[in-house]
$ cat structure.tsv   # TSV, C-alpha atoms
chain	number	residue	atom	x	y	z
A	10	MET	CA	-15.15	0.63	22.76
A	11	ASN	CA	-14.00	3.76	20.91
A	12	CYS	CA	-13.71	4.18	17.15
A	13	VAL	CA	-10.07	4.09	16.08
A	14	TYR	CA	-10.67	7.04	13.72
A	15	CYS	CA	-13.16	9.47	15.25
A	16	GLU	CA	-12.57	8.17	18.82
A	17	HIS	CA	-16.29	8.27	19.64
A	18	PRO	CA	-17.61	5.38	21.74
A	19	PHE	CA	-19.74	2.74	20.04
A	20	ILE	CA	-21.03	-0.75	20.70
A	21	LYS	CA	-19.33	-3.48	18.70
A	22	VAL	CA	-21.73	-6.25	17.62
A	23	PRO	CA	-19.74	-9.48	17.01
A	24	SER	CA	-20.27	-11.19	13.67
A	25	ILE	CA	-21.56	-14.76	13.42
A	26	THR	CA	-18.04	-15.89	12.43
A	27	GLU	CA	-16.51	-14.20	15.47
A	28	LEU	CA	-19.07	-15.85	17.74
A	29	LEU	CA	-18.75	-19.34	16.25
A	30	LEU	CA	-14.95	-19.31	16.10
A	31	PHE	CA	-14.56	-17.51	19.45
A	32	LYS	CA	-12.42	-14.92	17.71
A	33	PRO	CA	-11.27	-12.09	19.99
A	34	ILE	CA	-12.79	-8.69	19.28
A	35	SER	CA	-10.20	-6.17	18.17
A	36	ASP	CA	-9.64	-3.03	20.20
A	37	HIS	CA	-9.16	-1.17	16.93
A	38	GLU	CA	-12.40	-0.91	14.96
A	39	LEU	CA	-14.22	1.72	12.94
A	40	CYS	CA	-17.69	2.77	14.01
A	41	LEU	CA	-20.46	2.40	11.42
A	42	GLN	CA	-20.39	6.11	10.59
A	43	CYS	CA	-16.66	6.05	9.85
A	44	GLN	CA	-16.91	2.81	7.88
A	45	LYS	CA	-19.21	4.66	5.47
A	46	LYS	CA	-16.60	7.37	4.90
A	47	PHE	CA	-14.18	5.04	3.09
A	48	HIS	CA	-15.09	3.39	-0.19
A	49	LEU	CA	-13.81	0.01	-1.28
A	50	ILE	CA	-12.83	-0.34	-4.93
A	51	ASP	CA	-15.18	-2.43	-7.03
A	52	LYS	CA	-12.78	-4.82	-8.76
A	53	SER	CA	-15.27	-5.50	-11.58
A	54	SER	CA	-14.96	-2.00	-13.05
A	55	VAL	CA	-11.26	-1.18	-12.82
A	56	CYS	CA	-8.14	-1.41	-14.96
A	57	SER	CA	-6.57	-4.84	-14.51
A	58	GLY	CA	-3.14	-3.24	-14.35
A	59	CYS	CA	-3.52	-0.54	-11.70
A	60	CYS	CA	-7.04	-0.70	-10.16
A	61	ARG	CA	-8.04	2.66	-11.60
A	62	GLU	CA	-11.71	2.99	-12.50
A	63	TYR	CA	-11.76	2.09	-16.19
A	64	PRO	CA	-14.28	0.31	-18.44
A	65	GLY	CA	-11.75	-1.94	-20.14
A	66	ASN	CA	-8.65	-4.05	-19.63
A	67	LEU	CA	-5.65	-1.71	-19.38
A	68	CYS	CA	-6.12	2.04	-18.93
A	69	GLU	CA	-4.20	4.54	-21.05
A	70	ASP	CA	-1.60	5.09	-18.30
A	71	CYS	CA	-0.91	1.36	-18.09
A	72	LYS	CA	-0.63	1.11	-21.86
A	73	ARG	CA	2.03	3.82	-21.75
A	74	TRP	CA	3.83	1.99	-18.96
A	75	GLN	CA	3.56	-1.22	-20.98
A	76	SER	CA	5.47	0.37	-23.85
A	77	LYS	CA	8.24	1.26	-21.39
A	78	TYR	CA	8.14	-2.05	-19.49
A	79	PRO	CA	6.99	-4.72	-21.98
A	80	ALA	CA	7.99	-7.58	-19.65
A	81	TYR	CA	6.36	-6.10	-16.56
A	82	PRO	CA	3.51	-8.22	-15.07
A	83	PHE	CA	0.72	-5.68	-14.65
A	84	SER	CA	-0.99	-6.93	-11.50
A	85	HIS	CA	-1.80	-4.28	-8.93
A	86	THR	CA	-4.38	-4.45	-6.15
A	87	ALA	CA	-5.67	-1.42	-4.25
A	88	LEU	CA	-8.38	-1.67	-1.62
A	89	PHE	CA	-9.83	1.84	-1.30
A	90	HIS	CA	-10.50	4.89	-3.45
A	91	TYR	CA	-8.18	7.80	-2.76
A	92	ASP	CA	-10.99	10.32	-2.33
A	93	SER	CA	-11.29	13.38	-0.06
A	94	GLU	CA	-11.96	11.34	3.08
A	95	MET	CA	-9.05	9.00	2.43
A	96	LYS	CA	-6.83	12.00	1.73
A	97	GLN	CA	-7.79	13.42	5.11
A	98	TRP	CA	-7.02	10.08	6.78
A	99	PHE	CA	-3.55	10.06	5.23
A	100	GLU	CA	-3.01	13.63	6.40
A	101	GLU	CA	-3.71	12.56	9.99
A	102	TYR	CA	-1.81	9.29	9.85
A	103	LYS	CA	1.12	9.94	7.54
A	104	PHE	CA	1.85	13.64	7.89
A	105	LYS	CA	0.59	14.48	11.39
A	106	GLY	CA	2.02	11.25	12.77
A	107	ASN	CA	-1.07	9.72	14.39
A	108	TYR	CA	0.33	6.19	14.43
A	109	ALA	CA	-2.75	4.78	16.18
A	110	LEU	CA	-4.54	5.15	12.83
A	111	SER	CA	-2.33	2.40	11.40
A	112	HIS	CA	-5.00	0.00	12.72
A	113	THR	CA	-7.84	1.64	10.77
A	114	PHE	CA	-7.92	-0.83	7.87
A	115	SER	CA	-6.27	-3.81	9.57
A	116	LYS	CA	-9.20	-6.12	8.93
A	117	GLU	CA	-9.21	-5.51	5.17
A	118	ILE	CA	-5.41	-5.70	4.87
A	119	SER	CA	-5.21	-8.85	6.97
A	120	ASN	CA	-7.95	-10.56	4.95
A	121	PHE	CA	-6.20	-9.75	1.69
A	122	PHE	CA	-2.76	-11.02	2.70
A	123	LYS	CA	-4.14	-14.18	4.29
A	124	GLN	CA	-4.62	-15.31	0.68
A	125	LYS	CA	-0.94	-14.58	-0.04
A	126	LYS	CA	0.71	-16.65	2.68
A	127	ASN	CA	3.42	-17.95	0.36
A	128	SER	CA	4.43	-14.52	-0.89
A	129	LEU	CA	7.36	-12.42	0.22
A	130	ILE	CA	5.92	-9.06	1.34
A	131	ILE	CA	8.26	-6.12	0.73
A	132	PRO	CA	7.13	-2.61	1.79
A	133	LEU	CA	8.66	0.37	0.03
A	134	PRO	CA	11.23	2.03	2.30
A	135	LEU	CA	11.70	5.65	3.31
A	136	SER	CA	15.03	7.42	3.21
A	137	GLN	CA	16.79	7.69	6.57
A	138	LYS	CA	16.14	11.43	6.62
A	139	ARG	CA	12.41	11.04	5.95
A	140	LEU	CA	12.17	8.22	8.50
A	141	ALA	CA	13.83	10.41	11.14
A	142	ILE	CA	11.39	13.26	10.44
A	143	ARG	CA	8.24	11.11	10.34
A	144	GLY	CA	9.26	8.68	13.04
A	145	PHE	CA	7.85	5.63	11.28
A	146	ASN	CA	7.40	4.06	7.86
A	147	GLN	CA	3.69	4.42	7.12
A	148	VAL	CA	3.61	1.29	4.91
A	149	GLU	CA	5.32	-0.89	7.51
A	150	GLY	CA	2.90	0.56	10.07
A	151	ILE	CA	-0.27	-0.63	8.36
A	152	LEU	CA	1.25	-4.05	7.67
A	153	ALA	CA	2.45	-4.53	11.25
A	154	SER	CA	-0.88	-3.41	12.70
A	155	ALA	CA	-2.66	-5.91	10.45
A	156	GLY	CA	-0.35	-8.71	11.62
A	157	VAL	CA	1.24	-9.10	8.18
A	158	SER	CA	4.87	-10.24	8.21
A	159	TYR	CA	7.14	-8.33	5.85
A	160	SER	CA	10.81	-8.17	4.84
A	161	ASP	CA	12.84	-4.98	4.45
A	162	TYR	CA	14.79	-6.09	1.38
A	163	LEU	CA	14.91	-2.65	-0.26
A	164	LEU	CA	16.92	0.41	0.70
A	165	ARG	CA	16.13	3.94	-0.40
A	166	ILE	CA	19.36	5.64	-1.42
A	167	ARG	CA	18.03	8.88	-2.87
A	168	GLU	CA	16.22	11.60	-0.93
A	169	ASP	CA	13.48	13.53	-2.70
A	170	LYS	CA	10.60	15.75	-1.74
A	171	PRO	CA	7.36	13.95	-0.83
A	172	GLN	CA	5.21	12.66	-3.71
A	173	ALA	CA	2.31	14.82	-2.50
A	174	GLN	CA	4.39	17.92	-3.20
A	175	LYS	CA	5.26	16.93	-6.76
A	176	SER	CA	3.53	17.65	-10.04
A	177	ARG	CA	2.61	14.71	-12.25
A	178	LEU	CA	5.60	15.43	-14.49
A	179	GLU	CA	7.94	15.46	-11.48
A	180	ARG	CA	6.52	12.16	-10.26
A	181	LEU	CA	7.08	10.49	-13.62
A	182	SER	CA	10.65	11.74	-13.99
A	183	GLY	CA	13.63	11.34	-11.71
A	184	GLU	CA	16.23	8.71	-10.93
A	185	GLN	CA	16.04	5.20	-9.48
A	186	PRO	CA	15.81	5.70	-5.69
A	187	PHE	CA	16.06	2.04	-4.57
A	188	VAL	CA	18.61	-0.75	-4.30
A	189	LEU	CA	18.31	-4.29	-2.99
A	190	LYS	CA	20.25	-4.80	0.22
A	191	PRO	CA	23.31	-6.92	-0.69
A	192	GLU	CA	22.60	-9.57	1.93
A	193	TYR	CA	19.34	-10.45	0.17
A	194	GLU	CA	20.64	-10.86	-3.38
A	195	SER	CA	20.39	-14.65	-3.18
A	196	CYS	CA	16.98	-14.67	-1.45
A	197	LEU	CA	14.65	-13.77	-4.32
A	198	THR	CA	15.13	-16.83	-6.50
A	199	ASN	CA	11.78	-18.46	-7.29
A	200	GLN	CA	9.96	-16.24	-4.79
A	201	ALA	CA	6.47	-14.82	-5.24
A	202	VAL	CA	6.93	-11.15	-4.33
A	203	PHE	CA	4.43	-8.50	-3.27
A	204	LEU	CA	5.66	-4.90	-3.29
A	205	VAL	CA	3.56	-2.72	-0.98
A	206	ASP	CA	3.03	1.04	-1.03
A	207	ASP	CA	0.46	3.27	0.65
A	208	ILE	CA	-1.00	5.13	-2.35
A	209	TYR	CA	-0.84	4.39	-6.09
A	210	THR	CA	-0.93	7.68	-8.01
A	211	THR	CA	1.11	7.42	-11.20
A	212	GLY	CA	2.73	4.10	-10.27
A	213	ARG	CA	6.21	5.56	-10.75
A	214	THR	CA	7.51	4.56	-7.29
A	215	LEU	CA	6.29	0.98	-7.60
A	216	PHE	CA	7.79	0.70	-11.08
A	217	TYR	CA	11.15	1.85	-9.73
A	218	ALA	CA	10.98	-0.83	-7.01
A	219	SER	CA	9.84	-3.43	-9.54
A	220	GLU	CA	12.85	-2.67	-11.75
A	221	ILE	CA	15.08	-3.76	-8.87
A	222	ILE	CA	13.12	-6.93	-8.04
A	223	LEU	CA	12.87	-8.06	-11.68
A	224	LYS	CA	16.65	-8.13	-11.99
A	225	TYR	CA	16.42	-11.39	-10.04
A	226	PRO	CA	14.74	-14.70	-10.99
A	227	VAL	CA	11.53	-14.24	-9.03
A	228	LYS	CA	8.63	-16.58	-9.68
A	229	LYS	CA	5.99	-13.84	-9.62
A	230	LEU	CA	5.70	-10.13	-8.91
A	231	GLU	CA	2.57	-8.30	-7.80
A	232	THR	CA	2.00	-4.92	-6.19
A	233	PHE	CA	-0.40	-3.61	-3.56
A	234	SER	CA	-1.47	-0.27	-2.15
A	235	LEU	CA	-4.04	0.71	0.43
A	236	ALA	CA	-5.51	3.36	-1.87
A	237	ARG	CA	-5.72	4.22	-5.57

$ encode --input "structure.tsv" --output "structure tokens"
Amino acid sequence: MNCVYCEHPFIKVPSITELLLFKPISDHELCLQCQKKFHLIDKSSVCSGCCREYPGNLCEDCKRWQSKYPAYPFSHTALFHYDSEMKQWFEEYKFKGNYALSHTFSKEISNFFKQKKNSLIIPLPLSQKRLAIRGFNQVEGILASAGVSYSDYLLRIREDKPQAQKSRLERLSGEQPFVLKPEYESCLTNQAVFLVDDIYTTGRTLFYASEIILKYPVKKLETFSLAR
């Protein structure tokens, strides 16, 4: 088989679990060399609020957010460090439109959300203009490729330049870009909700989305991103 990232051929050695459970081998796997390029976050040494490397409970950024959102449940999970290699991966997948790369981290994403079967998974939407330019929603892409069911409850009503082109100050300022689709207003009661984004930088986008969700009587709200 070929590596889903570098496309070089390699031999996939099935794990004991795959052999014992007769699990099918995925056609979308990373070779050992590419697996080493991406670094999982060690949950024992990160901020409990945003998964940033931090030797304490809440980092300074989360403490500032806490003063702005005192009722917000700080519970974010990110899987990988947003380092130079991950940045390059996002360049290929998100900006150059290599949709096949949506499978790259399917195993890790699938394993995480298997533990959240009773949660409503809501990916952050793109504006219609951005969706037309890119051709796909990168967050929905990684969820779909991992076999994770999601619901498109949110609508983006405000177009803006991409986060990658903004300064930190620009990211932290701005207006609320999301609304809940009217047909779903009665669907959030007593739901455990997971908001999903691709990258957590300042957290501003997820906080905007959370503002919308927390207007309704949800049971629990957590957030997730592939990288931090």

$ closest_residue --input "structure.tsv" --among "A:Tyr81, A:Tyr225, A:Tyr162, A:Phe145" --to "Asn107 (chain A)" --atoms "all atoms listed in the file"
A:Phe145

$ closest_atom_pairs --input "structure.tsv" --of "region 156-231 of chain A" --to "region 113-125 of chain A" --cutoff "9 Å" --atoms "only C-alpha atoms" --output "CSV"
residue,atom,partner,partner_atom,distance
A:Gly156,CA,A:Ser119,CA,6.7
A:Val157,CA,A:Ser119,CA,6.6
A:Phe203,CA,A:Lys125,CA,8.7

$ axis_aligned_box --input "structure.tsv" --around "region 134-146 of chain A" --padding-each-side "4 Å" --output "AutoDock Vina command-line options"
--center_x 12.1 --center_y 7.6 --center_z 7.7 --size_x 17.4 --size_y 19.2 --size_z 18.7

$ closest_residue --input "structure.tsv" --among "A:Lys96, A:Cys68, A:Cys56, A:Gly106" --to "Leu140 (chain A)" --atoms "all atoms listed in the file"
A:Gly106

$ atom_distance --input "structure.tsv" --atom1 "CA of Glu220 (chain A)" --atom2 "CA of Val148 (chain A)"
19.5 Å

$ closest_residue --input "structure.tsv" --among "A:Cys71, A:Leu133, A:Ala218, A:Leu110" --to "Val205 (chain A)" --atoms "all atoms listed in the file"
A:Leu133

$ residues_around --input "structure.tsv" --residues "Asp51 (chain A)" --least-positions-apart "4" --cutoff "12 Å" --atoms "all atoms listed in the file" --output "mmCIF file with C-alpha atoms, in the coordinates of the input"
data_model
loop_
_atom_site.group_PDB
_atom_site.id
_atom_site.type_symbol
_atom_site.label_atom_id
_atom_site.label_comp_id
_atom_site.auth_asym_id
_atom_site.auth_seq_id
_atom_site.Cartn_x
_atom_site.Cartn_y
_atom_site.Cartn_z
ATOM 1 C CA VAL A 55 -11.260 -1.180 -12.820
ATOM 2 C CA CYS A 56 -8.140 -1.410 -14.960
ATOM 3 C CA SER A 57 -6.570 -4.840 -14.510
ATOM 4 C CA CYS A 60 -7.040 -0.700 -10.160
ATOM 5 C CA ARG A 61 -8.040 2.660 -11.600
ATOM 6 C CA GLU A 62 -11.710 2.990 -12.500
ATOM 7 C CA TYR A 63 -11.760 2.090 -16.190
ATOM 8 C CA PRO A 64 -14.280 0.310 -18.440
ATOM 9 C CA THR A 86 -4.380 -4.450 -6.150
ATOM 10 C CA ALA A 87 -5.670 -1.420 -4.250
ATOM 11 C CA LEU A 88 -8.380 -1.670 -1.620
ATOM 12 C CA PHE A 89 -9.830 1.840 -1.300
ATOM 13 C CA HIS A 90 -10.500 4.890 -3.450
ATOM 14 C CA ARG A 237 -5.720 4.220 -5.570
#

$ atom_distance --input "structure.tsv" --atom1 "CA of Leu49 (chain A)" --atom2 "CA of Ser76 (chain A)"
29.7 Å
